[in-house]
Amino acid sequence: MNDPNSSLFGIHGAALSLRQERLKVLASNIANADTPNYKARDIDFAAALKHATESQSATGGLSPAQGGASITEPTGEPFGLMYRLPLQPSLDGNTVDAEYEHASFARAAVEYRASLNFVDGRVRKLMTAITGS
């Protein structure tokens, strides 16, 4: 029963946490768009999700909240966090492309909502099964 796909929410529990972390990173990029020498960052979602599901299997399918797989490095940074290579860096050393960051944030928000809807649907089904109504 150590397969993360056989747990209550499958990979969606870990995906939801990772999507939340990615939204934080993208929001930080947008907030620092005018900060000199700020380097835009992003999370390699596929690598981070793979790491989370592999470590979730090692912890018996527990979620991060239950003391299971961690989505952060020992440094406290999200797993898979990396600096984005700029298409055209600014003269002040800032690598944030505001339009790209806004588009990435919008897409990440839609993906987060999709994962949340899946988890919410699963919880509703469980509540219906428990209460019988």
# chains A, B, ... in the order shown; residues from 1 in each chain; ligands from 1
$ residues_around --residues "Ser90 of chain A" --least-positions-apart "5" --cutoff "12 Å" --atoms "only C-alpha atoms" --output "list of chain:residue names"
A:Ala33, A:Asp34, A:Thr35, A:Pro36, A:Asn37, A:Tyr38, A:Lys39, A:Ala40, A:Thr95, A:Val96, A:Asp97, A:Ala98
$ residues_around --residues "segment 16-30 of chain A" --least-positions-apart "3" --cutoff "8 Å" --atoms "only C-alpha atoms" --output "list of chain:residue names"
A:His12, A:Gly13, A:Ala33, A:Ala40, A:Arg41, A:Asp42, A:Ile43, A:Phe45, A:Ala48, A:Leu49, A:Ile71, A:Pro78, A:Val96, A:Ala98, A:Glu101, A:His102, A:Ser104, A:Phe105, A:Ala108, A:Ala109, A:Glu111, A:Tyr112, A:Ser115, A:Leu116
$ residues_around --residues "Gly121 of chain A" --least-positions-apart "6" --cutoff "12 Å" --atoms "only C-alpha atoms" --output "ChimeraX atom specification"
/A:8-9,12,113-115,127-128
$ atom_distance --atom1 "atom CA of Phe118 of chain A" --atom2 "atom CA of Gly80 of chain A"
23.8 Å
$ atom_distance --atom1 "atom CA of Ala31 of chain A" --atom2 "atom CA of Ala47 of chain A"
25.4 Å
